[in-house]
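Asks: This is coords.txt (compact mmCIF, C-alpha atoms).
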```txt
# COMPACT_ATOMS: atom_id res chain seq x y z
CA ALA A 1 2.31 0.69 13.39
CA SER A 2 0.36 -2.50 12.95
CA VAL A 3 -1.61 -3.92 15.84
CA ALA A 4 -0.03 -7.07 17.22
CA ALA A 5 -2.52 -9.88 17.63
CA ALA A 6 -2.72 -13.59 18.20
CA PRO A 7 -2.72 -15.65 14.97
CA SER A 8 -6.49 -15.84 14.55
CA LEU A 9 -7.54 -12.46 15.94
CA VAL A 10 -8.72 -9.27 14.29
CA PRO A 11 -8.67 -5.87 16.02
CA ALA A 12 -11.39 -3.28 15.71
CA PRO A 13 -10.81 -0.67 12.97
CA ARG A 14 -8.44 2.25 13.28
CA GLY A 15 -9.69 5.81 13.25
CA LEU A 16 -8.22 8.17 10.64
CA SER A 17 -7.42 11.81 11.30
CA GLY A 18 -9.93 14.04 9.60
CA ALA A 19 -12.39 11.19 9.08
CA SER A 20 -16.11 11.20 9.91
CA SER A 21 -17.67 11.19 13.38
CA ARG A 22 -18.06 7.44 12.89
CA SER A 23 -14.27 7.24 12.53
CA SER A 24 -13.86 9.26 15.72
CA ARG A 25 -16.00 6.76 17.58
CA PHE A 26 -13.79 3.96 16.28
CA ALA A 27 -10.70 5.80 17.51
CA LYS A 28 -12.18 5.96 21.03
CA THR A 29 -13.39 2.37 21.08
CA ARG A 30 -11.49 -0.12 23.22
CA THR A 31 -9.76 -2.71 21.04
CA MET A 32 -11.91 -5.82 20.58
CA TYR A 33 -10.98 -9.06 18.85
CA ARG A 34 -12.78 -11.50 16.58
CA SER A 35 -11.89 -14.66 14.72
CA VAL A 36 -10.42 -14.21 11.25
CA VAL A 37 -13.25 -16.27 9.79
CA THR A 38 -15.97 -13.87 10.98
CA ARG A 39 -17.04 -10.76 9.11
CA ALA A 40 -14.49 -7.98 8.74
CA ALA A 41 -14.51 -5.65 11.72
CA ASP A 42 -17.54 -3.36 11.45
CA GLY A 43 -17.62 -3.55 7.67
CA VAL A 44 -14.09 -2.28 6.98
CA PRO A 45 -11.26 -4.20 5.27
CA THR A 46 -8.78 -6.07 7.45
CA ILE A 47 -5.11 -6.03 6.43
CA PHE A 48 -2.97 -9.01 7.46
CA GLY A 49 0.78 -8.52 7.45
CA SER A 50 3.84 -7.55 9.45
CA PRO A 51 6.07 -4.52 10.04
CA GLY A 52 8.84 -3.92 7.51
CA SER A 53 6.95 -5.48 4.61
CA ARG A 54 4.69 -4.44 1.73
CA THR A 55 1.93 -4.30 4.32
CA GLN A 56 2.91 -0.68 4.94
CA ILE A 57 2.25 0.24 1.30
CA VAL A 58 -1.37 -0.86 1.70
CA GLU A 59 -1.69 0.92 5.04
CA TRP A 60 -0.33 4.07 3.40
CA ALA A 61 -2.93 3.80 0.65
CA CYS A 62 -5.73 3.46 3.21
CA LYS A 63 -4.58 6.43 5.24
CA GLU A 64 -3.90 8.60 2.20
CA LEU A 65 -7.30 7.88 0.64
CA GLY A 66 -9.28 8.04 3.88
CA VAL A 67 -10.30 4.36 3.96
CA GLU A 68 -10.85 2.93 7.45
CA PHE A 69 -9.17 -0.40 8.08
CA SER A 70 -8.20 -2.85 10.77
CA SER A 71 -4.79 -4.46 10.91
CA VAL A 72 -3.50 -7.81 12.17
CA THR A 73 0.17 -8.73 12.56
CA LEU A 74 0.86 -12.34 11.58
CA ASN A 75 3.77 -14.63 12.39
CA ARG A 76 5.02 -17.50 10.20
CA ALA A 77 2.84 -20.08 11.91
CA SER A 78 -0.36 -18.07 11.55
CA MET A 79 0.42 -17.37 7.88
CA LYS A 80 0.00 -21.11 7.25
CA SER A 81 -3.18 -21.52 9.28
CA GLY A 82 -6.32 -22.68 7.55
CA GLU A 83 -8.06 -19.45 8.48
CA TYR A 84 -5.44 -17.29 6.81
CA LEU A 85 -5.08 -19.54 3.77
CA ALA A 86 -8.76 -18.82 3.11
CA VAL A 87 -7.70 -15.18 2.72
CA HIS A 88 -4.36 -15.72 0.91
CA PRO A 89 -4.11 -19.22 -0.66
CA PHE A 90 -0.29 -19.02 -0.78
CA GLY A 91 0.16 -17.98 2.83
CA LYS A 92 2.11 -14.80 2.04
CA ILE A 93 1.68 -11.21 3.24
CA PRO A 94 0.06 -8.84 2.86
CA GLY A 95 -3.41 -10.26 2.53
CA MET A 96 -6.79 -8.70 3.08
CA LYS A 97 -10.29 -9.67 4.04
CA ALA A 98 -12.51 -7.28 2.10
CA ALA A 99 -15.10 -5.01 3.68
CA ASP A 100 -17.83 -7.56 2.90
CA GLY A 101 -16.23 -9.87 5.45
CA GLU A 102 -16.10 -12.73 2.95
CA THR A 103 -13.74 -11.98 0.08
CA GLY A 104 -10.02 -12.68 0.35
CA ILE A 105 -7.69 -10.42 -1.64
CA PHE A 106 -3.96 -10.93 -2.06
CA GLU A 107 -0.97 -9.35 -3.86
CA SER A 108 -0.15 -5.84 -2.66
CA GLY A 109 -1.03 -4.24 -6.00
CA ALA A 110 -4.49 -5.81 -5.93
CA LEU A 111 -4.98 -4.57 -2.37
CA MET A 112 -3.99 -1.06 -3.40
CA LEU A 113 -6.42 -1.02 -6.30
CA TYR A 114 -9.20 -2.34 -4.07
CA VAL A 115 -8.53 0.44 -1.57
CA ALA A 116 -8.67 2.98 -4.40
CA ASP A 117 -12.04 1.54 -5.43
CA LEU A 118 -13.36 1.79 -1.88
CA SER A 119 -12.28 5.42 -1.70
CA GLY A 120 -13.97 6.37 -4.97
CA SER A 121 -10.76 8.09 -6.08
CA LEU A 122 -10.86 6.43 -9.53
CA PRO A 123 -14.50 6.86 -10.58
CA THR A 124 -14.28 5.80 -14.24
CA PRO A 125 -13.08 2.59 -15.92
CA GLU A 126 -10.51 4.66 -17.80
CA GLN A 127 -9.05 6.11 -14.61
CA ARG A 128 -8.96 2.68 -13.01
CA GLY A 129 -7.26 1.23 -16.07
CA ALA A 130 -4.63 3.98 -16.14
CA ALA A 131 -3.90 3.60 -12.43
CA ALA A 132 -3.78 -0.19 -12.68
CA SER A 133 -1.21 0.10 -15.47
CA TRP A 134 1.20 1.88 -13.14
CA VAL A 135 0.47 -0.22 -10.06
CA ILE A 136 1.11 -3.40 -12.05
CA TRP A 137 4.23 -1.89 -13.65
CA ALA A 138 5.62 -0.96 -10.23
CA ASN A 139 5.02 -4.48 -8.88
CA ALA A 140 5.80 -6.61 -11.93
CA THR A 141 8.50 -4.61 -13.76
CA MET A 142 10.03 -1.88 -11.65
CA TRP A 143 10.56 -3.71 -8.35
CA PRO A 144 11.88 -6.95 -9.91
CA ALA A 145 14.37 -4.83 -11.91
CA LEU A 146 15.54 -3.06 -8.77
CA GLU A 147 15.68 -6.27 -6.76
CA SER A 148 17.63 -8.26 -9.34
CA SER A 149 20.19 -5.47 -9.86
CA ARG A 150 20.31 -4.46 -6.17
CA GLY A 151 19.37 -0.97 -7.32
CA LYS A 152 22.31 -0.73 -9.70
CA GLY A 153 20.60 -1.40 -13.05
CA ASP A 154 19.96 0.85 -16.04
CA MET A 155 18.17 3.73 -14.33
CA GLN A 156 17.56 5.56 -17.60
CA ALA A 157 15.80 2.60 -19.16
CA LEU A 158 13.73 2.01 -16.04
CA PHE A 159 12.89 5.54 -14.95
CA GLY A 160 13.51 7.74 -17.99
CA PRO A 161 9.88 7.59 -19.20
CA VAL A 162 8.65 8.29 -15.66
CA ASP A 163 10.87 11.37 -15.39
CA ALA A 164 9.60 12.59 -18.77
CA ILE A 165 5.97 12.30 -17.67
CA LEU A 166 6.71 14.15 -14.44
CA GLY A 167 8.29 16.94 -16.46
CA LYS A 168 4.83 17.67 -17.88
CA GLN A 169 2.64 17.24 -14.80
CA LYS A 170 2.95 17.07 -11.02
CA TRP A 171 1.80 13.48 -10.56
CA ILE A 172 1.78 10.35 -12.69
CA LEU A 173 -1.88 10.63 -13.71
CA GLY A 174 -2.04 14.43 -13.82
CA ASP A 175 -2.71 17.06 -11.17
CA THR A 176 -4.14 14.71 -8.52
CA PHE A 177 -2.10 12.45 -6.26
CA SER A 178 -3.24 8.85 -6.78
CA ILE A 179 -2.62 5.21 -6.07
CA ALA A 180 -0.24 5.17 -9.06
CA ASP A 181 2.07 7.65 -7.32
CA MET A 182 1.95 5.57 -4.14
CA ALA A 183 3.00 2.40 -5.93
CA ILE A 184 5.95 4.04 -7.67
CA GLY A 185 7.00 6.10 -4.65
CA ALA A 186 6.89 3.14 -2.28
CA TYR A 187 9.14 0.94 -4.39
CA ILE A 188 11.62 3.72 -5.08
CA ARG A 189 11.82 4.24 -1.33
CA TYR A 190 12.33 0.53 -0.77
CA GLY A 191 15.14 0.61 -3.34
CA GLU A 192 16.79 3.38 -1.35
CA MET A 193 16.30 1.60 1.97
CA PHE A 194 17.29 -1.93 0.97
CA PHE A 195 19.91 -1.34 -1.72
CA GLY A 196 21.21 2.17 -1.06
CA MET A 197 19.86 3.22 -4.45
CA ALA A 198 20.17 6.88 -5.42
CA LEU A 199 18.10 8.45 -8.18
CA PRO A 200 20.28 10.02 -10.91
CA LYS A 201 20.65 13.81 -10.82
CA THR A 202 19.84 13.69 -14.53
CA MET A 203 16.21 12.96 -13.52
CA PRO A 204 15.26 16.14 -11.64
CA ASN A 205 11.53 15.59 -12.10
CA LEU A 206 11.62 12.17 -10.48
CA VAL A 207 13.81 13.49 -7.66
CA ALA A 208 11.31 16.31 -7.02
CA PHE A 209 8.47 13.77 -7.13
CA MET A 210 10.12 11.68 -4.42
CA ASP A 211 10.91 14.75 -2.31
CA ALA A 212 7.21 15.66 -2.40
CA ILE A 213 6.17 12.12 -1.47
CA LYS A 214 8.60 11.95 1.45
CA ASN A 215 7.01 15.07 2.91
CA ARG A 216 3.53 13.53 2.98
CA GLU A 217 2.32 12.85 6.52
CA HIS A 218 0.88 9.38 5.87
CA PHE A 219 3.95 8.28 3.93
CA LYS A 220 6.17 9.19 6.86
CA ALA A 221 3.92 7.22 9.21
CA THR A 222 4.02 4.04 7.09
CA VAL A 223 6.44 3.31 4.22
CA GLY A 224 8.80 6.15 5.13
CA GLY A 225 9.16 4.83 8.65
CA GLY A 226 10.60 1.54 7.40
```
What is this file in structure tokens?
Replies:
Amino acid sequence: ASVAAAPSLVPAPRGLSGASSRSSRFAKTRTMYRSVVTRAADGVPTIFGSPGSRTQIVEWACKELGVEFSSVTLNRASMKSGEYLAVHPFGKIPGMKAADGETGIFESGALMLYVADLSGSLPTPEQRGAAASWVIWANATMWPALESSRGKGDMQALFGPVDAILGKQKWILGDTFSIADMAIGAYIRYGEMFFGMALPKTMPNLVAFMDAIKNREHFKATVGGG
């Protein structure tokens, strides 16, 4: 769960299971707070958001890819503060202060791709381009289609190509689980949670894909937990 904080406060970073000894030290450190306008906590990205939002997609990405992060829960008033608007000019969530302590990043897809870059999981421009294609598709095409139809639209048109790809390989980009799978899996889960959407039985590959995602530890601790 996110760490509740006052509007302009940032907690120290979270430790990740299986991370380095440096991560273990973070896990044992008493929570300390800093102003949003200072450097990101100990050189790790800071995620600003709230429970039950796309914030959990970004937290899932961090945990899954082994990227340390700190987290701040915002309320409506703090989302419009000058400090936060320097991070997200439109005052929405999630937003992120990058690991350099200076750069503001917004839009959940952009945050996910930044996390993937930090993790080194997409080492070539081609891999980054392929992953970005799916992350952008999930945010700009798939989710708006689900939202506008309340999960009752043309499932074959939307997911047929995805099911076909998954009939040839385990994950969207091949044999390795990636940020692309997280983007698609998160929004399918949100469709199920918010609209009661059910994947068609005529798409067994996509159904198996989602079953595998729902069994992932970090998914269950973030997006899967609502």
Asks: Got a sec: who's within 9 Å of segment 113-117 of chain A, counting all atoms listed in the file, leaving out chain neighbours fewer than 5 positions off, as a VMD selection string?
Replies: chain A and resid 45 58 61 to 62 65 67 98 105 108 122 to 123 128 131 to 132 135 178 to 179
Asks: Excluding Pro204 of chain A and any residue of its chain fewer than 5 positions from it, enumerate the residues within 12 Å of it, using all atoms listed in the file, and give them as a count of residues only.
Replies: 12
Asks: With distances taken over only C-alpha atoms, which residue among A:Ile213, A:Glu102, A:Ala198, A:Ile184 lies nearest Gly151 of chain A?
Replies: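 Using only C-alpha atoms, the shortest distance to Gly151 of chain A belongs to A:Ala198.
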Asks: I need the residue nearest Arg216 of chain A from this list: A:Lys168, A:Lys80, A:Glu64, A:Ala138. Use only C-alpha atoms for the distance.
Replies: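 Of A:Lys168, A:Lys80, A:Glu64, A:Ala138, the one nearest Arg216 of chain A, counting only C-alpha atoms, is A:Glu64.
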Asks: I need the residue nearest Arg54 of chain A from this list: A:Arg150, A:Lys201, A:Lys97, A:Arg189. Use only C-alpha atoms for the distance.
Replies: A:Arg189
